[in-house]
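Listing of final-v5.csv; format and content: CSV, C-alpha atoms.
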```csv
chain,number,residue,atom,x,y,z
U,14,MET,CA,-1.7,-28.2,12.6
U,15,SER,CA,-0.8,-30.0,9.4
U,16,GLY,CA,-0.2,-29.1,5.8
U,17,ASP,CA,1.3,-25.7,6.4
U,18,PRO,CA,4.0,-25.9,9.1
U,19,HIS,CA,4.9,-22.3,8.7
U,20,LYS,CA,1.3,-21.0,8.9
U,21,LEU,CA,2.1,-18.3,6.4
U,22,GLY,CA,-0.2,-15.6,7.8
U,23,ARG,CA,-3.0,-18.1,8.1
U,24,GLY,CA,-5.0,-19.6,10.9
U,25,GLU,CA,-5.8,-23.3,11.0
U,26,ILE,CA,-9.2,-23.4,9.3
U,27,ALA,CA,-9.2,-24.8,5.8
U,28,PRO,CA,-10.2,-22.4,3.0
U,29,SER,CA,-13.2,-24.6,2.2
U,30,GLU,CA,-14.4,-24.4,5.8
U,31,ARG,CA,-14.1,-20.7,6.3
U,32,GLY,CA,-17.3,-18.7,5.9
U,33,PRO,CA,-17.7,-15.8,3.6
U,34,ALA,CA,-15.1,-13.1,3.9
U,35,PRO,CA,-16.1,-10.2,6.2
U,36,LYS,CA,-17.9,-7.3,4.6
U,37,ARG,CA,-14.9,-5.1,5.3
U,38,VAL,CA,-12.8,-7.2,2.9
U,39,VAL,CA,-15.5,-7.7,0.3
U,40,VAL,CA,-16.3,-4.0,0.1
U,41,ALA,CA,-12.7,-2.9,-0.1
U,42,TYR,CA,-11.9,-5.6,-2.7
U,43,GLY,CA,-14.9,-4.5,-4.8
U,44,PHE,CA,-13.7,-0.9,-4.7
U,45,TRP,CA,-10.2,-2.2,-5.6
U,46,ILE,CA,-11.6,-3.7,-8.8
U,47,PHE,CA,-13.4,-0.5,-9.6
U,48,LEU,CA,-10.1,1.4,-9.2
U,49,LEU,CA,-8.3,-1.0,-11.5
U,50,THR,CA,-11.1,-0.4,-14.2
U,51,ASP,CA,-10.6,3.3,-13.6
U,52,PHE,CA,-6.9,2.8,-14.4
U,53,ILE,CA,-7.9,1.1,-17.6
U,54,MET,CA,-10.1,4.1,-18.5
U,55,PHE,CA,-7.1,6.4,-17.8
U,56,ALA,CA,-5.0,4.1,-20.0
U,57,GLY,CA,-7.4,5.1,-22.9
U,58,PHE,CA,-6.8,8.8,-22.2
U,59,PHE,CA,-3.0,8.2,-21.9
U,60,ALA,CA,-3.0,6.3,-25.2
U,61,ALA,CA,-5.0,9.0,-26.9
U,62,TYR,CA,-2.5,11.6,-25.6
U,63,ALA,CA,0.5,9.6,-26.7
U,64,VAL,CA,-0.9,9.2,-30.2
U,65,LEU,CA,-1.9,12.9,-30.5
U,66,ALA,CA,1.0,14.5,-28.7
U,67,LYS,CA,2.7,15.5,-32.0
U,68,ALA,CA,-0.6,16.7,-33.7
U,69,THR,CA,-0.2,20.4,-32.8
U,70,ALA,CA,-1.7,21.8,-36.0
U,71,GLY,CA,0.8,24.7,-36.0
U,72,GLY,CA,-0.1,25.5,-32.4
U,73,PRO,CA,2.0,25.2,-29.3
U,74,ALA,CA,3.7,21.8,-28.5
U,75,ALA,CA,4.0,20.4,-25.0
U,76,ARG,CA,7.4,22.0,-24.4
U,77,ASP,CA,5.9,25.5,-25.2
U,78,ILE,CA,3.1,25.3,-22.6
U,79,VAL,CA,4.7,23.4,-19.7
U,80,GLU,CA,5.7,25.4,-16.6
U,81,LEU,CA,7.8,23.0,-14.6
U,82,PRO,CA,7.7,25.0,-11.3
U,83,LEU,CA,3.9,25.0,-11.4
U,84,VAL,CA,3.9,21.2,-12.0
U,85,GLY,CA,6.4,20.7,-9.2
U,86,GLY,CA,4.1,22.6,-6.9
U,87,GLU,CA,1.1,20.4,-7.9
U,88,THR,CA,3.2,17.3,-7.4
U,89,ALA,CA,4.3,18.3,-3.9
U,90,LEU,CA,0.8,19.3,-2.9
U,91,LEU,CA,-0.8,16.0,-4.0
U,92,LEU,CA,2.0,13.9,-2.5
U,93,ALA,CA,1.6,15.7,0.9
U,94,SER,CA,-2.2,15.3,0.6
U,95,SER,CA,-1.7,11.5,0.1
U,96,PHE,CA,0.5,11.4,3.2
U,97,ALA,CA,-2.1,13.3,5.2
U,98,CYS,CA,-4.7,10.9,4.0
U,99,GLY,CA,-2.5,8.1,5.4
U,100,MET,CA,-2.4,9.9,8.7
U,101,ALA,CA,-6.2,10.1,8.7
U,102,GLY,CA,-6.2,6.3,8.2
U,103,ILE,CA,-4.0,5.8,11.3
U,104,ALA,CA,-6.3,8.1,13.3
U,105,THR,CA,-9.2,6.0,12.1
U,106,ALA,CA,-7.6,2.8,13.2
U,107,ALA,CA,-6.9,4.4,16.6
U,108,LYS,CA,-10.6,5.7,16.7
U,109,ASN,CA,-9.3,9.2,17.4
U,110,ARG,CA,-11.9,11.6,16.0
U,111,PHE,CA,-9.9,14.7,16.7
U,112,TRP,CA,-6.8,13.7,14.8
U,113,PHE,CA,-9.0,12.2,12.0
U,114,GLN,CA,-10.6,15.6,11.4
U,115,ILE,CA,-7.3,17.4,11.5
U,116,ALA,CA,-5.7,15.0,9.1
U,117,MET,CA,-8.7,15.0,6.7
U,118,ALA,CA,-8.8,18.8,6.8
U,119,ALA,CA,-5.1,18.9,5.9
U,120,THR,CA,-5.8,16.3,3.1
U,121,ALA,CA,-8.6,18.6,1.8
U,122,LEU,CA,-6.6,21.8,1.9
U,123,LEU,CA,-3.6,20.3,0.1
U,124,GLY,CA,-6.0,18.7,-2.5
U,125,ALA,CA,-7.7,22.0,-3.0
U,126,GLY,CA,-4.3,23.7,-3.4
U,127,PHE,CA,-3.5,21.2,-6.2
U,128,LEU,CA,-6.8,22.0,-7.9
U,129,ALA,CA,-6.2,25.7,-7.6
U,130,LEU,CA,-2.9,25.4,-9.3
U,131,GLU,CA,-4.4,23.2,-12.0
U,132,ALA,CA,-7.3,25.7,-12.5
U,133,TYR,CA,-4.8,28.5,-12.8
U,134,GLU,CA,-2.8,26.5,-15.5
U,135,PHE,CA,-6.0,25.7,-17.5
U,136,LEU,CA,-7.4,29.3,-17.4
U,137,HIS,CA,-3.9,30.7,-18.3
U,138,LEU,CA,-3.7,28.4,-21.3
U,139,ILE,CA,-7.3,29.2,-22.5
U,140,GLY,CA,-6.6,32.9,-22.0
U,141,GLU,CA,-3.6,32.7,-24.3
U,142,GLY,CA,-5.8,31.0,-27.0
U,143,HIS,CA,-4.4,27.6,-26.2
U,144,GLY,CA,-7.7,26.0,-25.3
U,145,PRO,CA,-8.7,22.4,-26.1
U,146,GLN,CA,-10.2,23.5,-29.5
U,147,ARG,CA,-6.8,24.7,-30.7
U,148,SER,CA,-5.3,21.3,-31.7
U,149,ALA,CA,-5.7,17.6,-31.3
U,150,PHE,CA,-2.7,17.7,-28.9
U,151,LEU,CA,-4.4,20.3,-26.7
U,152,SER,CA,-7.7,18.4,-26.8
U,153,ALA,CA,-5.9,15.3,-25.6
U,154,PHE,CA,-4.0,17.3,-23.0
U,155,PHE,CA,-7.1,18.9,-21.5
U,156,ALA,CA,-9.1,15.6,-21.6
U,157,LEU,CA,-6.3,13.7,-19.8
U,158,VAL,CA,-5.3,16.3,-17.2
U,159,GLY,CA,-8.9,17.4,-16.8
U,160,CYS,CA,-10.1,13.9,-16.2
U,161,HIS,CA,-7.6,13.5,-13.3
U,162,GLY,CA,-8.7,16.9,-12.0
U,163,LEU,CA,-12.3,15.9,-12.1
U,164,HIS,CA,-11.4,12.8,-10.0
U,165,VAL,CA,-9.7,15.0,-7.5
U,166,THR,CA,-12.7,17.3,-7.3
U,167,LEU,CA,-15.0,14.3,-6.7
U,168,GLY,CA,-12.6,13.1,-4.1
U,169,LEU,CA,-12.8,16.4,-2.3
U,170,VAL,CA,-16.6,16.1,-2.2
U,171,TRP,CA,-16.3,12.5,-0.8
U,172,LEU,CA,-13.6,13.7,1.7
U,173,THR,CA,-15.8,16.4,3.2
U,174,THR,CA,-18.7,14.0,3.3
U,175,MET,CA,-16.6,11.6,5.3
U,176,MET,CA,-15.6,14.3,7.7
U,177,ALA,CA,-19.3,15.2,8.3
U,178,GLN,CA,-20.3,11.6,8.6
U,179,VAL,CA,-17.6,10.8,11.2
U,180,GLN,CA,-18.7,13.9,13.1
U,181,ALA,CA,-22.3,13.0,13.0
U,182,LYS,CA,-22.2,9.2,13.3
U,183,GLY,CA,-18.8,8.3,14.7
U,184,PHE,CA,-16.6,5.4,13.7
U,185,ARG,CA,-19.4,2.9,12.9
U,186,ASP,CA,-18.7,-0.1,10.8
U,187,GLU,CA,-20.2,1.2,7.5
U,188,ILE,CA,-18.4,4.6,8.1
U,189,LEU,CA,-15.1,2.7,8.5
U,190,ARG,CA,-15.7,0.9,5.2
U,191,ARG,CA,-16.3,4.2,3.4
U,192,ILE,CA,-13.2,5.7,4.9
U,193,ALA,CA,-11.1,2.7,3.7
U,194,CYS,CA,-12.5,3.1,0.1
U,195,PHE,CA,-11.9,6.8,0.1
U,196,SER,CA,-8.3,6.2,1.2
U,197,LEU,CA,-7.8,3.8,-1.6
U,198,PHE,CA,-9.3,6.3,-4.1
U,199,TRP,CA,-7.1,9.2,-2.9
U,200,HIS,CA,-3.9,7.1,-3.0
U,201,ALA,CA,-4.8,5.8,-6.5
U,202,LEU,CA,-5.2,9.4,-7.7
U,203,ASP,CA,-1.7,10.2,-6.6
U,204,ILE,CA,-0.4,7.1,-8.5
U,205,ILE,CA,-2.1,8.4,-11.7
U,206,TRP,CA,-0.6,11.8,-11.1
U,207,VAL,CA,2.9,10.2,-11.1
U,208,ALA,CA,2.2,8.7,-14.5
U,209,LEU,CA,0.7,12.0,-15.6
U,210,PHE,CA,3.4,14.4,-14.6
U,211,THR,CA,6.0,12.0,-16.1
U,212,THR,CA,4.4,11.4,-19.5
U,213,VAL,CA,2.7,14.8,-20.1
U,214,TYR,CA,4.9,17.3,-18.5
U,215,LEU,CA,8.5,15.9,-18.1
U,216,LEU,CA,8.5,13.8,-21.3
U,217,GLY,CA,6.9,16.8,-23.0
U,218,VAL,CA,9.8,19.0,-22.0
U,219,ALA,CA,12.5,16.3,-22.5
U,220,GLY,CA,11.2,14.3,-25.5
E,1,MET,CA,-8.8,-5.5,13.7
E,2,SER,CA,-6.5,-8.4,14.0
E,3,ASP,CA,-8.1,-10.9,16.3
E,4,GLN,CA,-7.5,-14.6,15.9
E,5,SER,CA,-10.4,-15.2,13.5
E,6,ASP,CA,-9.0,-12.5,11.2
E,7,LEU,CA,-5.9,-14.6,10.5
E,8,ASP,CA,-8.0,-16.9,8.3
E,9,ASN,CA,-9.1,-14.1,6.0
E,10,ASP,CA,-7.5,-12.2,3.2
E,11,ARG,CA,-6.4,-8.7,3.8
E,12,ALA,CA,-8.6,-6.0,2.4
E,13,PRO,CA,-6.9,-3.8,-0.3
E,14,GLY,CA,-5.2,-0.8,1.3
E,15,GLU,CA,-5.3,-2.4,4.7
E,16,ASP,CA,-2.1,-2.5,6.8
E,17,SER,CA,-1.1,-5.3,9.1
E,18,GLY,CA,-3.5,-4.2,11.7
E,19,GLY,CA,-2.7,-3.7,15.4
E,20,VAL,CA,-2.4,-0.6,17.4
E,21,ASP,CA,1.3,0.3,16.7
E,22,ILE,CA,0.7,3.9,15.7
E,23,ARG,CA,4.4,4.8,15.7
E,24,GLY,CA,5.2,1.9,13.4
E,25,LYS,CA,2.4,2.8,11.0
E,26,MET,CA,3.6,6.4,10.9
E,27,VAL,CA,7.2,5.3,10.2
E,28,THR,CA,5.9,3.4,7.2
E,29,TYR,CA,4.1,6.4,5.8
E,30,ILE,CA,7.1,8.7,6.5
E,31,VAL,CA,9.5,6.4,4.8
E,32,GLY,CA,7.1,6.1,1.8
E,33,PHE,CA,6.7,9.9,1.7
E,34,LEU,CA,10.5,10.5,1.7
E,35,LEU,CA,11.1,7.8,-1.0
E,36,ALA,CA,8.4,9.2,-3.2
E,37,ALA,CA,9.6,12.8,-2.6
E,38,VAL,CA,13.2,11.8,-3.6
E,39,LEU,CA,12.0,10.0,-6.7
E,40,SER,CA,9.8,13.0,-7.7
E,41,ILE,CA,12.6,15.4,-7.2
E,42,ALA,CA,15.0,13.2,-9.2
E,43,SER,CA,12.5,13.1,-12.0
E,44,PHE,CA,12.3,16.9,-12.2
E,45,ALA,CA,16.0,17.2,-11.8
E,46,VAL,CA,16.8,14.7,-14.6
E,47,VAL,CA,15.1,16.9,-17.2
E,48,HIS,CA,17.4,19.8,-17.1
E,49,SER,CA,20.4,18.9,-15.1
E,50,GLY,CA,22.4,17.2,-17.9
E,51,VAL,CA,23.4,14.4,-15.5
E,52,ILE,CA,22.0,11.8,-17.9
E,53,TYR,CA,22.9,11.5,-21.5
E,54,GLY,CA,20.2,13.3,-23.5
E,55,PRO,CA,18.6,10.4,-25.5
E,56,GLY,CA,18.5,8.4,-22.3
E,57,ILE,CA,16.3,10.9,-20.4
E,58,PRO,CA,12.9,9.4,-21.4
E,59,VAL,CA,14.0,6.0,-20.3
E,60,ALA,CA,15.3,7.4,-17.0
E,61,LEU,CA,12.0,9.3,-16.4
E,62,ILE,CA,9.9,6.2,-17.1
E,63,ALA,CA,12.0,4.1,-14.7
E,64,LEU,CA,11.7,6.7,-12.0
E,65,ALA,CA,7.9,6.9,-12.5
E,66,ILE,CA,7.5,3.1,-12.2
E,67,ALA,CA,9.7,3.1,-9.1
E,68,GLN,CA,7.6,5.8,-7.5
E,69,MET,CA,4.3,4.0,-8.4
E,70,GLY,CA,5.9,0.9,-6.6
E,71,VAL,CA,6.7,3.0,-3.6
E,72,HIS,CA,3.1,4.3,-3.5
E,73,LEU,CA,1.7,0.8,-3.8
E,74,VAL,CA,3.9,-0.7,-1.0
E,75,PHE,CA,4.0,2.1,1.5
E,76,PHE,CA,0.6,3.8,1.0
E,77,LEU,CA,-1.6,1.0,-0.2
E,78,HIS,CA,0.2,-1.7,1.8
E,79,VAL,CA,0.4,-4.2,-1.1
E,80,THR,CA,2.6,-7.1,0.0
E,81,SER,CA,3.7,-10.4,-1.4
E,82,GLY,CA,2.1,-12.2,1.6
E,83,PRO,CA,-0.4,-15.0,1.1
E,84,ASP,CA,-3.2,-12.9,2.6
E,85,ASN,CA,-2.6,-10.4,-0.3
E,86,THR,CA,-2.8,-12.8,-3.2
E,87,ASN,CA,-6.2,-11.8,-4.4
E,88,ASN,CA,-5.3,-8.1,-4.3
E,89,VAL,CA,-2.0,-8.6,-6.2
E,90,LEU,CA,-3.6,-10.9,-8.8
E,91,ALA,CA,-6.3,-8.3,-9.5
E,92,LEU,CA,-3.7,-5.6,-9.7
E,93,ALA,CA,-1.6,-7.7,-12.1
E,94,PHE,CA,-4.6,-8.2,-14.4
E,95,GLY,CA,-5.3,-4.4,-14.3
E,96,VAL,CA,-1.6,-3.7,-15.2
E,97,LEU,CA,-1.9,-6.3,-18.1
E,98,ILE,CA,-4.9,-4.5,-19.6
E,99,VAL,CA,-3.4,-1.1,-19.1
E,100,GLY,CA,-0.2,-2.3,-20.9
E,101,LEU,CA,-2.2,-3.8,-23.8
E,102,VAL,CA,-4.2,-0.6,-24.3
E,103,LEU,CA,-1.2,1.7,-24.1
E,104,ILE,CA,1.3,-0.4,-26.1
E,105,GLY,CA,-1.2,-1.6,-28.6
E,106,SER,CA,-2.6,1.9,-29.3
E,107,ILE,CA,0.9,3.5,-29.6
E,108,TRP,CA,2.1,0.7,-31.8
E,109,ILE,CA,-0.9,0.5,-34.2
E,110,MET,CA,-1.4,4.2,-34.4
E,111,GLY,CA,2.3,4.7,-35.1
E,112,HIS,CA,2.1,2.4,-38.0
E,113,LEU,CA,-1.1,4.0,-39.4
E,114,ASP,CA,0.5,7.4,-39.1
E,115,HIS,CA,3.6,6.1,-40.9
E,116,ASN,CA,1.5,4.6,-43.7
E,117,LEU,CA,-0.7,7.7,-44.2
E,118,MET,CA,2.0,10.3,-45.2
E,119,PRO,CA,1.1,11.4,-48.7
E,120,ALA,CA,3.3,14.5,-48.5
E,121,SER,CA,6.5,12.6,-48.0
E,122,MET,CA,5.7,9.7,-50.3
E,123,PRO,CA,7.6,9.6,-53.6
E,124,ALA,CA,5.4,9.6,-56.7
E,125,MET,CA,4.9,6.0,-57.8
```
Have the structure of the file written as structure tokens, please.
Amino acid sequence: MSGDPHKLGRGEIAPSERGPAPKRVVVAYGFWIFLLTDFIMFAGFFAAYAVLAKATAGGPAARDIVELPLVGGETALLLASSFACGMAGIATAAKNRFWFQIAMAATALLGAGFLALEAYEFLHLIGEGHGPQRSAFLSAFFALVGCHGLHVTLGLVWLTTMMAQVQAKGFRDEILRRIACFSLFWHALDIIWVALFTTVYLLGVAG
Amino acid sequence: MSDQSDLDNDRAPGEDSGGVDIRGKMVTYIVGFLLAAVLSIASFAVVHSGVIYGPGIPVALIALAIAQMGVHLVFFLHVTSGPDNTNNVLALAFGVLIVGLVLIGSIWIMGHLDHNLMPASMPAM
């Protein structure tokens, strides 16, 4: 009516007269804050890695252990998984259980493929005697990459739980909120992976 | 999801503009996916192709990574500059500030410490 002639995405109720935000917004916002603190925790691991990257103690440096085709495969799988998670979000908005389960299954398979490649990489390195105990660089490498891998693993547990909950309970309000939080979590992991493959792998080879 | 009363509320993080336009939503994700794929491929290509002057490669890689994170935020997490997104963007900005302080502060200070603790290369006083 007055004050805001363009009504920039707003209705006509003054902020002071609106009630509390709906639970959907409050829950997602709280989870958003958690994700940002998770980024801050990752920043600690990234900082440790950046400081220790040259401390190889006579062992292999980053350029000696990086296999770029493997990292490219991991990147492709995780990006496709993030896309499939977006499709699951669309199916959720459309309340379509069938396509939700298909998209979530695709998300899970692509995420599991990512983890399989990472597990192969870790076991291969440890098998060659380049385990985390070899040098400060490798400790920081395993801590940083492993922390991301742990997040993906927990995400897979959450993902399959959501598939089961939707199957058993349908798209109830609390289930919708959990799906929204899971989707935030999964996309955030892909953002961290972008920082990770750039700093650890590509800068390791190039720098 | 987007009835009239919803216009008065902020948008939840990760929430799109609402509505039932499935095709439009899919187009958003497909565009985001393609942009992210192009930026990823560019990152991997830059390392070995020799297209970019050698000492400039790290800067190019960092620029590509920041661009790709932006693509993810806009197309996958639906962060916008709209007034219903102000809270989400402010929280994100604060997170980015702390991440930047932790990263730059650690690298800076530890670099100086490392430089000051090099007995092997110090000339005898």
Given all atoms listed in the file as the counted atoms, nearest of E:Phe76, E:Arg11, E:Gly24, E:Gly50 to Cys98 in chain U
E:Phe76
At a cut-off of 6 Å, using only C-alpha atoms, what residues contact range 81-95 of chain E? Leave out same-chain residues fewer than 3 positions from it and give the result as a ChimeraX atom specification.
/U:49 /E:10-11,98
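Proximity ranking of U:Ala70, U:Leu130, U:Ala116, U:Leu81 relative to chain E places U:Leu81 first, based on all atoms listed in the file.
Here CA of Gly18 in chain E and CA of Ala41 in chain U stand 15.0 Å from one another.
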Neighbours of chain U in chain E at 7 Å, counting only C-alpha atoms, as a PyMOL selection string
chain E and resi 7-9+11-14+20+22+29+33+47+57-58+61+65+69+72+76-77+83-84+92+95+98-99+102-103+106-107+110
Best match for closeness to Glu80 in chain U among U:His161, U:Lys182, U:Arg147, U:His137, counting only C-alpha atoms:
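That would be U:His137, the residue with the smallest distance to Glu80 in chain U.
Atom pair CA of Arg23 in chain E / CA of Ile192 in chain U has a distance of 20.7 Å (rounded to one decimal).
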Separation of CA of Arg110 in chain U from CA of Arg191 in chain U in Å
15.3 Å
Quick one: residues within 10 Å of (-11.2, 14.8, -7.2) (file frame), counting all atoms listed in the file, please, as a list in words.
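So the residues meeting the distance criterion are Gly124, Ala125, Leu128, Cys160, His161, Gly162, Leu163, His164, Val165, Thr166, Leu167, Gly168, Leu169, Val170, Trp171, Leu172, Phe198, Trp199 and Leu202 of chain U.
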Mind listing as a PyMOL selection string all residues within 12 Å of (-3.1, 26.7, -20.5), counting all atoms listed in the file?
chain U and resi 73-75+77-80+83+130-147+151-152+154-155+158-159
